[in-house]
Amino acid sequence: MNQTVSVTIPKPNTDERLLWNIVFASAGNRVLLVAHNLRLFPLLATKPLTLTNICEAIAIEQRPAEVLLTVLTSIGLVQLKDSFYSLTSLAQDYLLESSPTYFGGFLEMLFANDQLFSVESLKKAVLTNSAQVYDNGQLFVSHEEQAEKARAFTYAMHGHSMGAGLTWPELIDLSEHKLLLDIGGGSGAHAIGATLQWSNLQAIVLDLPPVCEVAQEIITNYGLQSRIKTQTINWWNDPFPVADLHFYSDIYHDWSPEKCRFLTQKSFDSLKSGGRIILHEMLYDDQKTGPYATAAYNMAMLLWTEGRQYSGHELSVMLKEAGFTDIKIQQSRGYWSLISGRKL
């Protein structure tokens with residue numbers, strides 16, 4: 001006689017929506033890069049277009065066009081009304097060349113280096129604790145030796161810096177300062193934002209020779225060449241020019257804690273009494289549980305540099321150990337924050 005065995009299978013405590021979101025998280029990135037490469041955003045900036053209009057304009061069929069457009073609408077870059085597609089305000093701010101906060105250079109760098117963000121590259125970086133880009137992380141050596149790489153990278157960083165660079169100077173009083181050193185300043189985006197906001201400021205962008213060439217072009221385009229200069233430097237060996245304000249944006253995350261402490265101490269020793277340091281970074285919370293964008297940026301640092309993202313507490317401790325006082329952390333634009341300190 002057959003006996004029926006009762007089996008109880010436990011049901012999950014959660015549904016799988018979050019897991020699906022994680023699995024498909026890269027879809028938005030991929031579609032954004034392809035749409036940018038196909039120049040879909042400037043096309044939609046001309047006027048609202050139907051699906052048929054779009055297919056004809058970029059010479060693709062309806063099925064792949066719908067793939068692109070449905071993802072772009074779902075992530076908030078394109079909107080659909082009465083069968084016509086148009087750009088959202090976010091796309092107008094960051095995805096059009098006519099915008100001062102154009103992200104295009106950064107997107108082009110991601111598109112060109114897509115294979116370097118592969119699962120295999122990440123696995124290798126995790127197993128070896130070594131960067132996978134630019135000859136195992138020799139990013140800045142490559143830029144010093146290869147002007148075209150430096151130019152592309154500088155425009156990429158300019159793309160992701162101008163929005164923040166035009167915002168943070170409104171949040172901190174710089175009226176007492178005369179000369180800002182934008183250390184590792186790249187395109188000069190932050191020096192541009194600071195001098196536009198504060199008429200009392202002059203600035204010097206310190207960087208590698210090919211980077212300074214690009215910065216000078218961009219500074220001239222803004223008509224600020226009389227107020228912002230560029231100067232080449234090896235900051236590990238060369239002394240800093242005399243200034244009363246040191247600014248580092250997206251620099252500390254490129255380097256190990258030891259090298260960040262070196263730069264912090266060098267700034268402290270270089271500044272006169274009353275001088276100030278400002279760090280501009282995407283910060284972890286103090287427990288390093290997020291936010292997600294900072295954690296993902298940290299993954300990029302594993303792939304590209306010897307550095308890492310830091311918490312506000314970690315950077316504040318570095319400033320305090322070097323001798324800075326009146327240390328403050330304040331949120332700036334989006335995921336960016338400012339950490340500032342003063343030399344008594």
# chains A, B, ... in the order shown; residues from 1 in each chain; ligands from 1

$ closest_atom_pairs --of "range 130-235 of chain A" --to "range 118-125 of chain A" --cutoff "8 Å" --atoms "only C-alpha atoms" --output "tab-separated table"
residue	atom	partner	partner_atom	distance
A:Ser130	CA	A:Ala125	CA	5.2
A:Ala131	CA	A:Ala125	CA	5.9
A:Gln132	CA	A:Ala125	CA	6.4

$ write_last_selection --atoms "N, CA, C and O atoms" --output "mmCIF file, in the first residue's frame"
data_model
loop_
_atom_site.group_PDB
_atom_site.id
_atom_site.type_symbol
_atom_site.label_atom_id
_atom_site.label_comp_id
_atom_site.auth_asym_id
_atom_site.auth_seq_id
_atom_site.Cartn_x
_atom_site.Cartn_y
_atom_site.Cartn_z
ATOM 1 N N SER A 130 43.894 44.614 -7.834
ATOM 2 C CA SER A 130 44.664 45.471 -8.739
ATOM 3 C C SER A 130 43.746 46.035 -9.806
ATOM 4 O O SER A 130 42.800 45.383 -10.259
ATOM 5 N N ALA A 131 44.037 47.285 -10.206
ATOM 6 C CA ALA A 131 43.249 47.944 -11.248
ATOM 7 C C ALA A 131 43.418 47.220 -12.579
ATOM 8 O O ALA A 131 44.457 46.609 -12.847
ATOM 9 N N GLN A 132 42.407 47.302 -13.413
ATOM 10 C CA GLN A 132 42.408 46.601 -14.696
ATOM 11 C C GLN A 132 42.509 47.549 -15.885
ATOM 12 O O GLN A 132 42.544 47.117 -17.026
#

$ residues_around --residues "Asn221 in chain A" --least-positions-apart "3" --cutoff "12 Å" --atoms "only C-alpha atoms" --output "list in words"
Pro100, Ser187, Gly188, Ala189, Ile192, Val214, Ala215, Gln216, Glu217, Ile218, Leu224, Gln225, Ser226 and Ile228 of chain A

$ write_last_selection --atoms "N, CA, C and O atoms" --output "mmCIF file, in the first residue's frame"
data_model
loop_
_atom_site.group_PDB
_atom_site.id
_atom_site.type_symbol
_atom_site.label_atom_id
_atom_site.label_comp_id
_atom_site.auth_asym_id
_atom_site.auth_seq_id
_atom_site.Cartn_x
_atom_site.Cartn_y
_atom_site.Cartn_z
ATOM 1 N N PRO A 100 25.715 73.817 -20.425
ATOM 2 C CA PRO A 100 27.008 73.945 -19.742
ATOM 3 C C PRO A 100 27.325 72.767 -18.842
ATOM 4 O O PRO A 100 28.480 72.571 -18.448
ATOM 5 N N SER A 187 39.837 69.885 -15.882
ATOM 6 C CA SER A 187 39.353 70.884 -16.844
ATOM 7 C C SER A 187 39.223 72.274 -16.256
ATOM 8 O O SER A 187 38.998 73.239 -16.981
ATOM 9 N N GLY A 188 39.313 72.376 -14.930
ATOM 10 C CA GLY A 188 39.085 73.672 -14.282
ATOM 11 C C GLY A 188 37.629 73.939 -13.973
ATOM 12 O O GLY A 188 37.263 75.064 -13.622
ATOM 13 N N ALA A 189 36.782 72.917 -14.054
ATOM 14 C CA ALA A 189 35.343 73.110 -13.841
ATOM 15 C C ALA A 189 35.055 73.761 -12.490
ATOM 16 O O ALA A 189 34.224 74.674 -12.390
ATOM 17 N N ILE A 192 36.261 77.338 -12.309
ATOM 18 C CA ILE A 192 35.317 78.163 -13.070
ATOM 19 C C ILE A 192 34.099 78.494 -12.215
ATOM 20 O O ILE A 192 33.685 79.652 -12.104
ATOM 21 N N VAL A 214 44.217 71.325 -22.003
ATOM 22 C CA VAL A 214 42.764 71.247 -22.184
ATOM 23 C C VAL A 214 42.073 72.260 -21.269
ATOM 24 O O VAL A 214 41.145 72.966 -21.686
ATOM 25 N N ALA A 215 42.532 72.340 -20.031
ATOM 26 C CA ALA A 215 41.924 73.274 -19.080
ATOM 27 C C ALA A 215 42.013 74.709 -19.584
ATOM 28 O O ALA A 215 41.047 75.472 -19.481
ATOM 29 N N GLN A 216 43.150 75.062 -20.161
ATOM 30 C CA GLN A 216 43.314 76.427 -20.658
ATOM 31 C C GLN A 216 42.320 76.720 -21.779
ATOM 32 O O GLN A 216 41.760 77.829 -21.860
ATOM 33 N N GLU A 217 42.059 75.739 -22.639
ATOM 34 C CA GLU A 217 41.061 75.919 -23.699
ATOM 35 C C GLU A 217 39.674 76.180 -23.117
ATOM 36 O O GLU A 217 38.947 77.079 -23.556
ATOM 37 N N ILE A 218 39.312 75.368 -22.118
ATOM 38 C CA ILE A 218 37.978 75.482 -21.528
ATOM 39 C C ILE A 218 37.843 76.791 -20.756
ATOM 40 O O ILE A 218 36.820 77.493 -20.851
ATOM 41 N N LEU A 224 37.539 83.440 -18.761
ATOM 42 C CA LEU A 224 38.070 83.612 -17.414
ATOM 43 C C LEU A 224 39.590 83.506 -17.361
ATOM 44 O O LEU A 224 40.175 83.341 -16.293
ATOM 45 N N GLN A 225 40.248 83.635 -18.524
ATOM 46 C CA GLN A 225 41.701 83.442 -18.562
ATOM 47 C C GLN A 225 42.468 84.490 -17.759
ATOM 48 O O GLN A 225 43.618 84.255 -17.361
ATOM 49 N N SER A 226 41.868 85.635 -17.485
ATOM 50 C CA SER A 226 42.548 86.638 -16.658
ATOM 51 C C SER A 226 42.455 86.319 -15.168
ATOM 52 O O SER A 226 43.202 86.881 -14.355
ATOM 53 N N ILE A 228 41.843 82.794 -14.013
ATOM 54 C CA ILE A 228 42.231 81.403 -13.742
ATOM 55 C C ILE A 228 43.447 81.067 -14.592
ATOM 56 O O ILE A 228 43.412 81.181 -15.815
#

$ residues_around --residues "Leu32 in chain A" --least-positions-apart "5" --cutoff "12 Å" --atoms "only C-alpha atoms" --output "list in words"
Ser26, Ala27, Asn37, Leu38, Arg39, Leu40, Phe41, Val67, Leu68, Leu69, Thr70, Val71, Leu72, Thr73, Ser74, Ile75, Gly76, Leu77, Val78, Ala91, Tyr94, Leu95, Phe103, Gly104, Phe106, Leu107, Glu108, Leu110 and Phe111 of chain A

$ closest_residue --among "A:Val211, A:Ile183, A:Ala203, A:Leu19" --to "Ala156 in chain A" --atoms "only C-alpha atoms"
A:Val211

$ closest_residue --among "A:Asp207, A:Glu16, A:Ile172, A:Pro48" --to "Tyr85 in chain A" --atoms "only C-alpha atoms"
A:Pro48

$ residues_around --residues "Trp235 in chain A" --least-positions-apart "2" --cutoff "9 Å" --atoms "only C-alpha atoms" --output "PDB file with C-alpha atoms, in the first residue's frame"
ATOM      1  CA  ILE A 183      44.707  70.679  -7.064  1.00  0.00           C
ATOM      2  CA  GLY A 184      44.369  67.991  -9.706  1.00  0.00           C
ATOM      3  CA  LEU A 206      47.346  72.405 -10.924  1.00  0.00           C
ATOM      4  CA  ASP A 207      47.655  69.294 -13.070  1.00  0.00           C
ATOM      5  CA  ILE A 233      52.951  70.094 -11.148  1.00  0.00           C
ATOM      6  CA  ASN A 237      57.558  66.292  -5.277  1.00  0.00           C
ATOM      7  CA  ASP A 238      56.877  69.924  -6.234  1.00  0.00           C
ATOM      8  CA  PRO A 239      55.901  72.579  -3.658  1.00  0.00           C
ATOM      9  CA  PHE A 240      52.433  74.081  -3.899  1.00  0.00           C
ATOM     10  CA  LEU A 263      48.376  65.411   0.505  1.00  0.00           C
TER      11      LEU A 263
END

$ closest_residue --among "A:Gln331, A:Gln3, A:Arg30, A:Leu201" --to "Thr167 in chain A" --atoms "only C-alpha atoms"
A:Gln331

$ atom_distance --atom1 "CA of Asp93 in chain A" --atom2 "CA of Thr46 in chain A"
14.7 Å
